[in-house]
Structures are given as structure tokens and as C-alpha cells.
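The data block below is work_17.csv; it holds CSV, C-alpha atoms and all ligand atoms.
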chain,number,residue,atom,x,y,z
A,1,MET,CA,-1.9,-29.5,30.1
A,2,HIS,CA,-3.6,-27.9,27.0
A,3,LEU,CA,-3.8,-24.1,27.2
A,4,PRO,CA,-5.3,-22.1,24.3
A,5,SER,CA,-2.5,-20.6,22.2
A,6,ILE,CA,-2.3,-17.3,20.3
A,7,ASP,CA,-2.9,-19.2,17.0
A,8,GLU,CA,-6.2,-20.4,18.4
A,9,LEU,CA,-7.4,-16.8,18.6
A,10,GLY,CA,-7.7,-16.9,14.8
A,11,ASP,CA,-7.3,-13.7,12.7
A,12,ILE,CA,-6.6,-10.9,15.1
A,13,ALA,CA,-5.7,-8.2,12.4
A,14,GLY,CA,-7.3,-5.0,13.5
A,15,LYS,CA,-8.4,-6.5,16.9
A,16,ARG,CA,-7.7,-4.9,20.2
A,17,VAL,CA,-5.8,-7.3,22.5
A,18,LEU,CA,-5.4,-6.9,26.2
A,19,VAL,CA,-2.3,-8.6,27.6
A,20,ARG,CA,-2.0,-9.3,31.3
A,21,VAL,CA,1.7,-9.1,32.1
A,22,ASP,CA,3.7,-9.3,35.3
A,23,PHE,CA,5.7,-6.0,35.2
A,24,ASN,CA,6.0,-5.9,39.0
A,25,VAL,CA,9.6,-4.7,38.6
A,26,PRO,CA,12.0,-3.1,41.0
A,27,LEU,CA,12.1,0.7,40.9
A,28,ALA,CA,14.6,3.1,42.5
A,29,GLU,CA,15.0,6.9,42.6
A,30,ARG,CA,17.7,8.2,40.3
A,31,ASN,CA,18.3,12.0,40.1
A,32,GLY,CA,14.9,12.7,41.7
A,33,LYS,CA,13.1,10.3,39.2
A,34,MET,CA,11.8,6.8,39.7
A,35,VAL,CA,13.4,4.4,37.2
A,36,VAL,CA,13.2,0.6,36.5
A,37,THR,CA,16.3,-1.1,37.9
A,38,ASP,CA,15.8,-4.6,36.4
A,39,ASP,CA,13.8,-4.8,33.2
A,40,PHE,CA,14.0,-8.6,32.7
A,41,ARG,CA,10.3,-9.1,33.1
A,42,ILE,CA,9.6,-6.3,30.6
A,43,ARG,CA,12.0,-7.6,28.0
A,44,SER,CA,10.6,-11.0,28.4
A,45,ALA,CA,7.2,-9.8,27.1
A,46,LEU,CA,8.6,-8.2,24.0
A,47,PRO,CA,8.4,-11.2,21.7
A,48,LEU,CA,4.7,-11.6,22.4
A,49,PHE,CA,4.1,-7.9,21.8
A,50,ARG,CA,6.0,-8.1,18.5
A,51,ASP,CA,4.1,-11.2,17.5
A,52,LEU,CA,0.7,-9.6,18.2
A,53,GLN,CA,1.7,-6.4,16.3
A,54,ALA,CA,3.0,-8.5,13.4
A,55,ARG,CA,-0.5,-10.1,13.2
A,56,GLY,CA,-2.0,-6.7,13.0
A,57,ALA,CA,-3.4,-6.4,16.5
A,58,GLU,CA,-3.4,-3.3,18.7
A,59,VAL,CA,-1.7,-4.2,22.0
A,60,THR,CA,-2.6,-2.9,25.5
A,61,ALA,CA,-0.8,-4.4,28.5
A,62,CYS,CA,-1.9,-4.3,32.1
A,63,THR,CA,0.0,-5.2,35.3
A,64,HIS,CA,0.0,-4.9,39.1
A,65,LEU,CA,2.9,-3.1,40.7
A,66,GLY,CA,3.6,-3.3,44.5
A,67,ARG,CA,0.9,-3.3,47.1
A,68,PRO,CA,-1.2,-0.1,46.9
A,69,GLN,CA,-4.1,-1.8,48.8
A,70,GLY,CA,-6.9,-1.0,46.3
A,71,GLU,CA,-6.4,2.8,46.0
A,72,PRO,CA,-4.3,5.1,43.8
A,73,VAL,CA,-0.9,5.7,45.4
A,74,GLU,CA,1.5,7.9,43.5
A,75,LYS,CA,4.6,5.8,44.3
A,76,TYR,CA,2.9,2.7,42.8
A,77,SER,CA,2.0,4.4,39.5
A,78,VAL,CA,3.2,2.4,36.4
A,79,ASN,CA,4.5,5.7,34.9
A,80,PRO,CA,8.2,4.7,35.2
A,81,VAL,CA,7.4,1.3,33.7
A,82,ARG,CA,5.5,2.9,30.9
A,83,GLU,CA,8.4,5.2,30.1
A,84,HIS,CA,10.8,2.3,30.1
A,85,LEU,CA,8.5,0.2,27.9
A,86,ASP,CA,8.4,3.1,25.4
A,87,THR,CA,12.2,2.9,25.0
A,88,LEU,CA,11.9,-0.8,24.1
A,89,ILE,CA,8.9,-1.0,21.8
A,90,ASP,CA,6.6,1.4,20.0
A,91,GLY,CA,2.9,1.4,20.2
A,92,VAL,CA,2.2,-0.8,23.2
A,93,HIS,CA,-0.1,0.9,25.7
A,94,LEU,CA,0.2,0.2,29.4
A,95,LEU,CA,-2.8,0.6,31.7
A,96,GLU,CA,-2.4,2.1,35.2
A,97,ASN,CA,-1.7,-0.2,38.1
A,98,LEU,CA,-4.5,-2.8,38.4
A,99,ARG,CA,-4.3,-2.8,42.2
A,100,PHE,CA,-5.4,0.9,42.3
A,101,SER,CA,-8.8,-0.7,42.3
A,102,PRO,CA,-10.0,-2.9,45.1
A,103,GLY,CA,-11.8,-5.0,42.5
A,104,GLU,CA,-8.5,-6.5,41.2
A,105,GLU,CA,-7.5,-8.3,44.4
A,106,GLY,CA,-11.1,-8.8,45.3
A,107,ASN,CA,-11.7,-10.7,42.1
A,108,ASP,CA,-14.7,-8.5,41.5
A,109,ARG,CA,-16.5,-9.5,38.3
A,110,SER,CA,-17.7,-6.0,37.5
A,111,PHE,CA,-14.1,-4.7,37.7
A,112,GLY,CA,-13.1,-7.5,35.3
A,113,ILE,CA,-16.0,-6.6,32.9
A,114,GLU,CA,-14.9,-2.9,33.0
A,115,LEU,CA,-11.3,-3.9,32.3
A,116,THR,CA,-12.2,-6.1,29.4
A,117,ASP,CA,-14.8,-3.8,27.9
A,118,SER,CA,-12.7,-2.1,25.2
A,119,TYR,CA,-10.9,-5.3,24.0
A,120,ASP,CA,-11.6,-8.1,21.6
A,121,CYS,CA,-9.2,-10.7,23.0
A,122,TYR,CA,-7.2,-11.4,26.1
A,123,VAL,CA,-3.7,-13.0,26.6
A,124,ASN,CA,-2.3,-14.1,29.9
A,125,GLU,CA,1.5,-13.7,29.9
A,126,ALA,CA,1.7,-13.3,33.7
A,127,PHE,CA,2.8,-16.7,35.0
A,128,GLY,CA,4.0,-15.1,38.2
A,129,ALA,CA,0.5,-13.8,39.0
A,130,SER,CA,-1.5,-16.8,37.9
A,131,HIS,CA,-1.6,-18.4,41.3
A,132,ARG,CA,-3.7,-15.5,42.5
A,133,ALA,CA,-7.5,-15.5,41.8
A,134,HIS,CA,-7.5,-11.8,40.9
A,135,ALA,CA,-9.9,-10.1,38.5
A,136,SER,CA,-7.5,-9.5,35.7
A,137,ILE,CA,-6.5,-13.1,35.7
A,138,MET,CA,-9.9,-14.8,36.3
A,139,VAL,CA,-12.6,-12.7,34.6
A,140,PRO,CA,-11.4,-11.9,31.0
A,141,PRO,CA,-11.3,-15.5,29.9
A,142,THR,CA,-15.0,-15.8,30.8
A,143,LEU,CA,-15.8,-12.9,28.6
A,144,ILE,CA,-13.7,-12.7,25.4
A,145,PRO,CA,-11.5,-15.2,23.4
A,146,SER,CA,-8.4,-15.8,25.5
A,147,ALA,CA,-5.0,-17.4,25.1
A,148,ALA,CA,-1.9,-18.2,27.1
A,149,GLY,CA,1.2,-16.1,26.2
A,150,PRO,CA,4.3,-18.1,25.1
A,151,ASN,CA,6.3,-17.5,28.2
A,152,LEU,CA,3.5,-18.6,30.4
A,153,ALA,CA,2.9,-21.7,28.3
A,154,HIS,CA,6.6,-22.6,28.3
A,155,GLU,CA,6.9,-22.1,32.0
A,156,VAL,CA,3.8,-24.4,32.6
A,157,GLU,CA,5.1,-27.0,30.2
A,158,THR,CA,8.6,-27.1,31.8
A,159,LEU,CA,7.4,-27.3,35.4
A,160,THR,CA,4.6,-29.8,34.9
A,161,GLY,CA,7.0,-31.9,32.6
A,162,LEU,CA,9.4,-32.1,35.6
A,163,LEU,CA,6.8,-34.0,37.7
A,164,THR,CA,5.4,-36.2,35.0
A,165,ASN,CA,8.4,-37.3,33.0
A,166,PRO,CA,11.8,-36.2,34.4
A,167,ARG,CA,15.1,-37.6,33.2
A,168,ARG,CA,16.3,-39.6,36.2
A,169,PRO,CA,17.8,-39.5,38.7
A,170,PHE,CA,15.6,-36.5,39.5
A,171,VAL,CA,17.1,-34.5,42.4
A,172,ALA,CA,15.3,-31.7,44.1
A,173,ILE,CA,17.0,-29.1,46.3
A,174,VAL,CA,14.9,-27.2,48.8
A,175,GLY,CA,16.3,-24.4,50.9
A,176,GLY,CA,15.5,-20.9,52.2
A,177,ALA,CA,14.1,-19.8,55.5
A,178,LYS,CA,10.6,-20.9,55.9
A,179,VAL,CA,9.7,-24.6,56.5
A,180,ALA,CA,6.0,-23.7,56.8
A,181,ASP,CA,6.0,-22.3,53.2
A,182,LYS,CA,8.0,-25.2,51.7
A,183,LEU,CA,6.9,-28.3,53.5
A,184,GLY,CA,4.0,-28.9,51.1
A,185,ILE,CA,6.2,-28.8,48.0
A,186,THR,CA,8.9,-30.8,49.8
A,187,LYS,CA,6.4,-33.6,50.4
A,188,VAL,CA,5.4,-33.7,46.7
A,189,LEU,CA,9.1,-33.8,45.7
A,190,VAL,CA,10.0,-36.6,48.1
A,191,ASP,CA,7.2,-38.5,46.4
A,192,LYS,CA,8.4,-37.7,42.8
A,193,ALA,CA,12.1,-37.3,43.1
A,194,ASP,CA,14.8,-39.9,43.6
A,195,ALA,CA,16.6,-37.6,46.1
A,196,VAL,CA,15.6,-34.4,47.9
A,197,ILE,CA,18.4,-32.2,49.3
A,198,VAL,CA,17.3,-30.0,52.2
A,199,GLY,CA,19.5,-27.0,53.1
A,200,GLY,CA,19.1,-23.4,54.4
A,201,GLY,CA,17.2,-22.5,57.5
A,202,MET,CA,14.7,-25.4,56.7
A,203,ALA,CA,17.3,-28.0,57.6
A,204,PHE,CA,17.3,-27.4,61.3
A,205,THR,CA,13.7,-28.5,61.8
A,206,PHE,CA,15.0,-31.8,60.3
A,207,TRP,CA,18.0,-31.7,62.7
A,208,LYS,CA,15.8,-31.1,65.7
A,209,ALA,CA,13.5,-34.0,64.6
A,210,MET,CA,16.5,-36.3,64.7
A,211,GLY,CA,17.4,-35.2,68.2
A,212,ARG,CA,20.3,-33.0,67.3
A,213,THR,CA,20.9,-29.7,69.1
A,214,ILE,CA,20.4,-26.6,66.9
A,215,GLY,CA,21.3,-23.7,69.2
A,216,ASP,CA,19.3,-20.7,68.0
A,217,SER,CA,19.0,-21.8,64.4
A,218,LEU,CA,15.6,-21.4,62.6
A,219,VAL,CA,13.1,-24.1,63.6
A,220,ASP,CA,9.4,-24.8,63.2
A,221,ASP,CA,8.4,-27.0,66.2
A,222,SER,CA,4.9,-27.5,64.8
A,223,ARG,CA,6.3,-29.5,61.8
A,224,ILE,CA,8.5,-32.0,63.6
A,225,SER,CA,6.3,-35.0,63.0
A,226,GLU,CA,5.8,-34.3,59.3
A,227,VAL,CA,9.5,-33.9,58.9
A,228,LEU,CA,10.1,-37.2,60.6
A,229,GLU,CA,7.9,-38.9,58.1
A,230,LEU,CA,9.9,-37.3,55.2
A,231,LEU,CA,13.2,-38.5,56.8
A,232,ALA,CA,11.8,-42.0,57.1
A,233,THR,CA,11.6,-42.3,53.3
A,234,GLY,CA,15.4,-42.4,53.2
A,235,ARG,CA,15.3,-40.1,50.2
A,236,VAL,CA,16.0,-36.8,52.1
A,237,HIS,CA,19.6,-35.6,52.4
A,238,ILE,CA,20.3,-33.0,55.1
A,239,PRO,CA,23.5,-31.2,56.1
A,240,ASP,CA,25.9,-32.7,58.5
A,241,ASP,CA,28.1,-29.7,59.0
A,242,VAL,CA,27.4,-26.0,59.1
A,243,TRP,CA,28.8,-22.5,59.5
A,244,ALA,CA,27.2,-20.6,62.5
A,245,LEU,CA,27.5,-17.1,64.1
A,246,PRO,CA,27.0,-16.3,67.8
A,247,THR,CA,23.3,-15.5,68.3
A,248,GLY,CA,22.7,-11.8,67.7
A,249,SER,CA,25.9,-11.2,65.7
A,250,PRO,CA,24.8,-9.2,62.7
A,251,PHE,CA,24.7,-11.0,59.3
A,252,GLY,CA,23.4,-10.0,55.9
A,253,ALA,CA,24.9,-6.6,55.6
A,254,GLY,CA,27.6,-5.2,57.8
A,255,GLY,CA,28.6,-8.2,59.9
A,256,THR,CA,32.3,-8.9,60.4
A,257,GLU,CA,32.6,-11.8,62.8
A,258,THR,CA,34.1,-15.0,61.3
A,259,PRO,CA,31.6,-17.9,61.3
A,260,THR,CA,32.4,-21.0,63.4
A,261,HIS,CA,32.2,-24.5,61.9
A,262,PHE,CA,30.2,-27.2,63.6
A,263,THR,CA,29.5,-30.9,62.7
A,264,GLY,CA,26.4,-32.8,63.9
A,265,ASN,CA,25.1,-30.3,66.5
A,266,VAL,CA,25.0,-26.6,67.0
A,267,PRO,CA,25.5,-25.5,70.6
A,268,ASP,CA,23.4,-22.9,72.5
A,269,GLY,CA,24.4,-19.4,71.7
A,270,PHE,CA,24.9,-20.0,68.0
A,271,MET,CA,22.8,-19.8,64.9
A,272,ALA,CA,23.6,-21.9,61.8
A,273,LEU,CA,23.5,-19.9,58.7
A,274,ASP,CA,25.2,-21.9,55.9
A,275,ILE,CA,25.9,-25.6,55.1
A,276,GLY,CA,29.5,-26.6,55.8
A,277,PRO,CA,32.2,-27.8,53.3
A,278,SER,CA,31.7,-31.5,53.9
A,279,THR,CA,28.0,-31.2,53.2
A,280,ALA,CA,28.6,-29.0,50.2
A,281,LEU,CA,30.9,-31.7,48.7
A,282,ARG,CA,28.3,-34.4,49.4
A,283,PHE,CA,25.5,-32.4,47.8
A,284,ALA,CA,27.7,-31.6,44.8
A,285,GLU,CA,28.3,-35.3,44.4
A,286,ILE,CA,24.6,-36.1,44.4
A,287,LEU,CA,24.0,-33.3,41.8
A,288,GLY,CA,26.9,-34.6,39.7
A,289,SER,CA,25.1,-37.8,38.8
A,290,ALA,CA,21.6,-36.3,38.4
A,291,GLY,CA,19.6,-36.3,35.2
A,292,THR,CA,17.3,-33.5,36.3
A,293,VAL,CA,17.6,-31.0,39.1
A,294,LEU,CA,15.0,-28.7,40.5
A,295,TRP,CA,16.4,-26.0,42.8
A,296,ASN,CA,14.3,-23.8,45.1
A,297,GLY,CA,15.9,-21.9,47.9
A,298,PRO,CA,19.4,-21.0,49.0
A,299,MET,CA,21.6,-23.2,51.2
A,300,GLY,CA,22.5,-20.3,53.5
A,301,VAL,CA,22.4,-16.6,53.9
A,302,PHE,CA,24.1,-16.2,50.5
A,303,GLU,CA,23.6,-12.4,50.4
A,304,ASP,CA,26.4,-12.3,53.0
A,305,PRO,CA,29.8,-13.3,51.5
A,306,ARG,CA,30.8,-15.1,54.8
A,307,LEU,CA,27.7,-17.4,54.4
A,308,ALA,CA,27.6,-17.8,50.7
A,309,ALA,CA,29.9,-20.8,50.1
A,310,GLY,CA,27.2,-23.5,50.4
A,311,THR,CA,24.9,-21.8,47.9
A,312,ARG,CA,27.8,-21.1,45.6
A,313,ALA,CA,28.9,-24.8,45.7
A,314,VAL,CA,25.4,-25.9,44.7
A,315,ALA,CA,25.3,-23.3,41.9
A,316,GLU,CA,28.6,-24.4,40.6
A,317,ALA,CA,27.8,-28.1,40.8
A,318,LEU,CA,24.7,-27.4,38.8
A,319,SER,CA,26.5,-25.3,36.2
A,320,SER,CA,29.1,-28.1,35.5
A,321,SER,CA,26.6,-31.0,35.6
A,322,GLU,CA,24.9,-32.5,32.5
A,323,ALA,CA,21.6,-32.4,34.2
A,324,ILE,CA,18.5,-30.5,33.1
A,325,SER,CA,18.5,-27.8,35.7
A,326,VAL,CA,15.4,-25.9,36.6
A,327,VAL,CA,15.7,-23.0,39.0
A,328,GLY,CA,12.5,-22.2,40.8
A,329,GLY,CA,12.4,-18.5,41.1
A,330,GLY,CA,13.0,-15.8,43.7
A,331,ASP,CA,16.1,-16.2,45.8
A,332,SER,CA,17.6,-19.1,43.9
A,333,ALA,CA,17.3,-17.2,40.6
A,334,ALA,CA,19.1,-14.3,42.3
A,335,ALA,CA,21.8,-16.7,43.6
A,336,VAL,CA,22.6,-18.2,40.1
A,337,GLU,CA,22.9,-14.6,38.8
A,338,GLN,CA,25.1,-13.6,41.7
A,339,PHE,CA,27.4,-16.6,41.1
A,340,GLY,CA,27.5,-16.0,37.4
A,341,VAL,CA,26.0,-19.4,36.3
A,342,ALA,CA,22.6,-18.3,35.2
A,343,ALA,CA,23.4,-18.9,31.5
A,344,GLN,CA,24.3,-22.5,32.3
A,345,MET,CA,20.9,-23.3,33.8
A,346,SER,CA,18.3,-25.0,31.5
A,347,PHE,CA,15.4,-22.9,32.8
A,348,ILE,CA,14.9,-20.2,35.4
A,349,SER,CA,11.3,-19.8,36.5
A,350,THR,CA,10.1,-16.2,36.8
A,351,GLY,CA,7.3,-16.8,39.3
A,352,GLY,CA,8.5,-17.9,42.8
A,353,GLY,CA,5.1,-18.4,44.4
A,354,ALA,CA,3.4,-19.5,41.2
A,355,SER,CA,6.1,-22.1,40.4
A,356,LEU,CA,5.9,-23.7,43.8
A,357,GLU,CA,2.1,-23.8,43.7
A,358,LEU,CA,2.1,-25.3,40.2
A,359,LEU,CA,4.6,-28.0,41.3
A,360,GLU,CA,2.6,-28.7,44.5
A,361,PHE,CA,-0.9,-28.8,43.1
A,362,GLY,CA,-0.3,-29.4,39.4
A,363,ASP,CA,-2.5,-26.4,38.4
A,364,LEU,CA,-3.2,-22.7,39.1
A,365,PRO,CA,-6.4,-20.6,39.3
A,366,GLY,CA,-5.2,-18.5,36.2
A,367,LEU,CA,-4.6,-21.7,34.2
A,368,ARG,CA,-8.0,-23.1,35.0
A,369,ALA,CA,-9.5,-19.8,33.9
A,370,LEU,CA,-7.8,-20.0,30.6
A,371,ARG,CA,-9.0,-23.6,30.1
A,372,GLY,CA,-12.6,-22.3,30.8
A,373,GLU,CA,-13.0,-24.4,34.0
A,401,LIG,P1,12.8,-18.2,51.3
A,401,LIG,O1,12.1,-16.9,51.1
A,401,LIG,O2,12.1,-19.1,52.3
A,401,LIG,O3,13.3,-18.9,50.0
A,401,LIG,O4,14.2,-17.8,52.1
A,401,LIG,C1,15.2,-17.2,51.4
A,401,LIG,C2,16.1,-16.6,52.5
A,401,LIG,O5,16.5,-17.6,53.4
A,401,LIG,C3,17.4,-15.9,52.0
A,401,LIG,O6,17.2,-14.5,52.1
A,401,LIG,C4,18.5,-16.4,52.9
A,401,LIG,O7,19.3,-15.4,53.4
A,401,LIG,C5,17.7,-17.1,54.0
A,401,LIG,N1,18.4,-18.2,54.7
A,401,LIG,C6,19.0,-19.2,54.1
A,401,LIG,N2,19.6,-20.0,55.0
A,401,LIG,C7,19.3,-19.5,56.2
A,401,LIG,C8,19.6,-19.9,57.5
A,401,LIG,N3,20.3,-21.0,57.8
A,401,LIG,N4,19.1,-19.2,58.5
A,401,LIG,C9,18.4,-18.1,58.3
A,401,LIG,N5,18.1,-17.6,57.0
A,401,LIG,C10,18.5,-18.4,56.0
For this file, produce the structure as C-alpha cells.
Ligand code: AMP
Amino acid sequence: MHLPSIDELGDIAGKRVLVRVDFNVPLAERNGKMVVTDDFRIRSALPLFRDLQARGAEVTACTHLGRPQGEPVEKYSVNPVREHLDTLIDGVHLLENLRFSPGEEGNDRSFGIELTDSYDCYVNEAFGASHRAHASIMVPPTLIPSAAGPNLAHEVETLTGLLTNPRRPFVAIVGGAKVADKLGITKVLVDKADAVIVGGGMAFTFWKAMGRTIGDSLVDDSRISEVLELLATGRVHIPDDVWALPTGSPFGAGGTETPTHFTGNVPDGFMALDIGPSTALRFAEILGSAGTVLWNGPMGVFEDPRLAAGTRAVAEALSSSEAISVVGGGDSAAAVEQFGVAAQMSFISTGGGASLELLEFGDLPGLRALRGE
């Protein structure tokens, strides 16, 4: 997919450039003051800022932060982000939270015009926000010369390349809690990949479709027939053993009960929360011979050490494999960090929702806007 690059903006010396970034970073109170607790997204934008400054441009960034619902809310002010940015680079301005105006999420053209008014050029470096048709993403490219930032371009190239020309065998791993959210992408992957591994809470809709008992494990009864179609392809691999806790026993933070191991079926009164050791071995074996792996979603409740073994096994199998490994954002990115294998991954996507939508539909509203469509 061709996206206009910074070079295509021509000579930008003396020009005022507006950069849409995704600085929707975690904040926490320290000594009575809000501070940025993870600045990965901010640091990722620095090469672009430096490049623009080196070309003589004056750089202003803009972002959303949290969900202030279209009005100014003190706790969603970008002030802590601005202070942090100032410690990393000189001379980059940061506008106040875009979502303080209802025009941003409403994709209001007049808000976009006002936003763009003082600038000569626009750069979209907010991959993680480009699946949303919001004013700061959609309107500027219709008004002033616009380009894709390098991170956005790289992210798009990597993810679309996966679907068009992957090194085979191409193995996809889908996990996490919500079948409804991930069934669309799972269908695309079953079509494109040589094997699709399904773990996490999603797996039990597949179990139920096969007539297995699942106790109180997560299930989406409305998706059973779609799941049966996927199973019929023969390319879907699901768990055969699991770890489960009695229904209602706390997990996540503070639980102490030892999980019980089940093979094939989960009885009433139990909820399955991680893949078991035999499944972990089988999945690791599939990953061992893969040429490309795309991973989205954990195999279990990995935030709880009692239920982390399955996700850890997948992370470790990926870290020791020769495969090109692409981790699709959100929870899986957190998991590879937690298990210390992030550096061994080929690519970690920053935009959870955006990366899934790009893989599923092959395009995003913000990319269409940059292409002038
Ligand atoms: P998602 O947002 O759909 O990617 O889901 C991620 C969440 O799924 C993580 O917080 C996991 O704790 C959770 N999860 C993974 N496996 C299970 C499971 N078997 N049952 C319930 N939640 C799960």
C-alpha cells in the first residue's frame, strides 16, 4: 500500500508541521503529581520529531488521552505528557487533549479545519488511532499536504506483508477473552495461514461446538455455527487439556487456590483459565517449525502466576524459534514483556484494535485519508 512519505512533502524548512501522535500513555499519581509511567509511545515518536526538526520544520504534536467525552476534564489534561516530552526533546509543542472537543470523536469537519488552521503540513504517526474516523485523523489530509510517519508506515507494511507474502508455514495464534471481538480476524487467518492456534477464553466456544463440556468457562453461544465452520477446515488447533479453578474462586490478583488439571472436558463448577501442559507442548511444537508467527491474545489469565504457564510456554517457544514473529498489540505485547522475550520478537505492534482491523479488512480509515480516498 503506498502512503505518502515525509520526503514527498518536499522542502519543509520554515514550515509548521502538525503531527498526530498516539500519546495515550498510562499516568499515575506520584507524590501528589500525575506522571507518565510508561513512555514507550512518546519515545517512539522522537525519531520523527528529530527528522522534522533537522529538515528545519517547526513541530507541533497532538494526541487524545483517555476518554474525556468531548469536554475539558482536568485529569485528562496532557500536561504530565507535555512535561515528560520536554525532558526528552526540545522545541516540540503538544496541543491539549483532542478529545476535549466533541468535534474530535464526532469527526466534525469544522473542528478539523480549526485544528489544521495554523499549520502548513500534517503527519499521521498515530497507527493506534488510525482505525477511528476521528477529525484529527480524517480531516487534515483533505486540507494540507500530508504524510505517513515512519512508525505508522512500518507498522502498515509489516502487517499487510504478513497477509500477502508470509514466509511459510504461517502460524497464527489467537487468544484472549472475547470470541465476538476476534472471530472476524480468526476467519481471515484461517484463510491465509497454514495453521491457527486458538487458546485463552476463546477456546471454549470451540470446545462447546465439538460437544465437550466446559463447566463455567467463557463461551459465546451465538457463535457456535461459525466456529464449527472454522473447525471443519482442519487448520484450527485447540487445547486438549486445561487448568481450571472452582467457579467463583478469585483469580487475577489475590487468589490462592491451586488450579485443577482437566483433559477433554471441564466439569460443572469449574472455569478453565489456562491451557494445560500437553497443549502447551503441542502448540510449541507447531511454532517450532513455523516460518512466520502472528500472535494476538494470551493463552490464559497470564496476569495471575498460577495461570501464566500456557502463555509463557508460547512466548518462550516464539523466542527460541527462527520464525518471523509479529506480536499484535495489547495483552500479547504485555505478555512478551512480562516473560522477558520482547527483544527476541521481530515486531511488536503498538495498536491493538488498529492492527486487528488492518489484518481483517486490509485497510483503515486513517490510511484511506492519507491516500486521499
Ligand atoms: P482480550 O482483551 O480479548 O485480548 O483478552 C485478554 C484477557 O483475556 C487477558 O486479560 C486474560 O486474563 C484473559 N483471559 C485469557 N484466557 C482466559 C480464560 N480462559 N478465561 C477468562 N479470561 C481469560
Give as a compact mmCIF listing (two decimals) with C-alpha atoms, in the coordinates of the input the set of residues within 6 Å of the point (-5.7, -12.9, 29.7), where distances use the file's coordinates and all atoms listed in the file.
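So selection22.txt came out as:
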# COMPACT_ATOMS: atom_id res chain seq x y z
CA VAL A 19 -2.30 -8.60 27.60
CA ARG A 20 -2.00 -9.30 31.30
CA TYR A 122 -7.20 -11.40 26.10
CA VAL A 123 -3.70 -13.00 26.60
CA ASN A 124 -2.30 -14.10 29.90
CA PRO A 140 -11.40 -11.90 31.00
CA SER A 146 -8.40 -15.80 25.50
Handout entry: Within-8 Å residues of ligand LIG 401 (chain A), basis all atoms listed in the file, as a ChimeraX atom specification
Key = /A:175-179,181-182,199-204,217-218,252,271-275,296-304,330-332
Handout entry: Test item: residues at most 7 Å from Arg235 in chain A, only C-alpha atoms, excluding those fewer than 2 positions along its chain, as a VMD selection string
Key = chain A and resid 190 194 to 196 233 237
Exercise for the section: Counting only C-alpha atoms, note down every residue that has an atom within 12 Å of the point (-10.7, -1.5, 31.0) (file coordinates), as a PyMOL selection string. Expected result: chain A and resi 16-20+60-62+94-98+101+104+110-120+122+135-136+139-140
Those selected residues, please, written with C-alpha atoms and delivered as a CSV table (one decimal), in the coordinates of the input.
chain,number,residue,atom,x,y,z
A,16,ARG,CA,-7.7,-4.9,20.2
A,17,VAL,CA,-5.8,-7.3,22.5
A,18,LEU,CA,-5.4,-6.9,26.2
A,19,VAL,CA,-2.3,-8.6,27.6
A,20,ARG,CA,-2.0,-9.3,31.3
A,60,THR,CA,-2.6,-2.9,25.5
A,61,ALA,CA,-0.8,-4.4,28.5
A,62,CYS,CA,-1.9,-4.3,32.1
A,94,LEU,CA,0.2,0.2,29.4
A,95,LEU,CA,-2.8,0.6,31.7
A,96,GLU,CA,-2.4,2.1,35.2
A,97,ASN,CA,-1.7,-0.2,38.1
A,98,LEU,CA,-4.5,-2.8,38.4
A,101,SER,CA,-8.8,-0.7,42.3
A,104,GLU,CA,-8.5,-6.5,41.2
A,110,SER,CA,-17.7,-6.0,37.5
A,111,PHE,CA,-14.1,-4.7,37.7
A,112,GLY,CA,-13.1,-7.5,35.3
A,113,ILE,CA,-16.0,-6.6,32.9
A,114,GLU,CA,-14.9,-2.9,33.0
A,115,LEU,CA,-11.3,-3.9,32.3
A,116,THR,CA,-12.2,-6.1,29.4
A,117,ASP,CA,-14.8,-3.8,27.9
A,118,SER,CA,-12.7,-2.1,25.2
A,119,TYR,CA,-10.9,-5.3,24.0
A,120,ASP,CA,-11.6,-8.1,21.6
A,122,TYR,CA,-7.2,-11.4,26.1
A,135,ALA,CA,-9.9,-10.1,38.5
A,136,SER,CA,-7.5,-9.5,35.7
A,139,VAL,CA,-12.6,-12.7,34.6
A,140,PRO,CA,-11.4,-11.9,31.0
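With distances restricted to only C-alpha atoms, A:Thr63 is the closest residue to Ala129 in chain A from A:Asn265, A:Gln69, A:Thr292, A:Thr63.
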If you count only C-alpha atoms, which residues fall within 10 Å of range 31-39 of chain A, apart from same-chain ones fewer than 2 positions away, as a PDB file with C-alpha atoms, in the coordinates of the input?
ATOM      1  CA  PHE A  23       5.700  -6.000  35.200  1.00  0.00           C
ATOM      2  CA  ASN A  24       6.000  -5.900  39.000  1.00  0.00           C
ATOM      3  CA  VAL A  25       9.600  -4.700  38.600  1.00  0.00           C
ATOM      4  CA  PRO A  26      12.000  -3.100  41.000  1.00  0.00           C
ATOM      5  CA  LEU A  27      12.100   0.700  40.900  1.00  0.00           C
ATOM      6  CA  ALA A  28      14.600   3.100  42.500  1.00  0.00           C
ATOM      7  CA  GLU A  29      15.000   6.900  42.600  1.00  0.00           C
ATOM      8  CA  ARG A  41      10.300  -9.100  33.100  1.00  0.00           C
ATOM      9  CA  ILE A  42       9.600  -6.300  30.600  1.00  0.00           C
ATOM     10  CA  ARG A  43      12.000  -7.600  28.000  1.00  0.00           C
ATOM     11  CA  SER A  44      10.600 -11.000  28.400  1.00  0.00           C
ATOM     12  CA  LYS A  75       4.600   5.800  44.300  1.00  0.00           C
ATOM     13  CA  ASN A  79       4.500   5.700  34.900  1.00  0.00           C
ATOM     14  CA  PRO A  80       8.200   4.700  35.200  1.00  0.00           C
ATOM     15  CA  VAL A  81       7.400   1.300  33.700  1.00  0.00           C
ATOM     16  CA  ARG A  82       5.500   2.900  30.900  1.00  0.00           C
ATOM     17  CA  GLU A  83       8.400   5.200  30.100  1.00  0.00           C
ATOM     18  CA  HIS A  84      10.800   2.300  30.100  1.00  0.00           C
ATOM     19  CA  LEU A  85       8.500   0.200  27.900  1.00  0.00           C
TER      20      LEU A  85
END
Do a neighbour search on range 282-287 of chain A at 7 Å with all atoms listed in the file, toss out local chain neighbours closer than 4 positions, and write the hits as an mmCIF file with C-alpha atoms, keeping the file's coordinate frame.
data_model
loop_
_atom_site.group_PDB
_atom_site.id
_atom_site.type_symbol
_atom_site.label_atom_id
_atom_site.label_comp_id
_atom_site.auth_asym_id
_atom_site.auth_seq_id
_atom_site.Cartn_x
_atom_site.Cartn_y
_atom_site.Cartn_z
ATOM 1 C CA SER A 278 31.700 -31.500 53.900
ATOM 2 C CA ALA A 313 28.900 -24.800 45.700
ATOM 3 C CA VAL A 314 25.400 -25.900 44.700
ATOM 4 C CA ALA A 317 27.800 -28.100 40.800
ATOM 5 C CA LEU A 318 24.700 -27.400 38.800
#
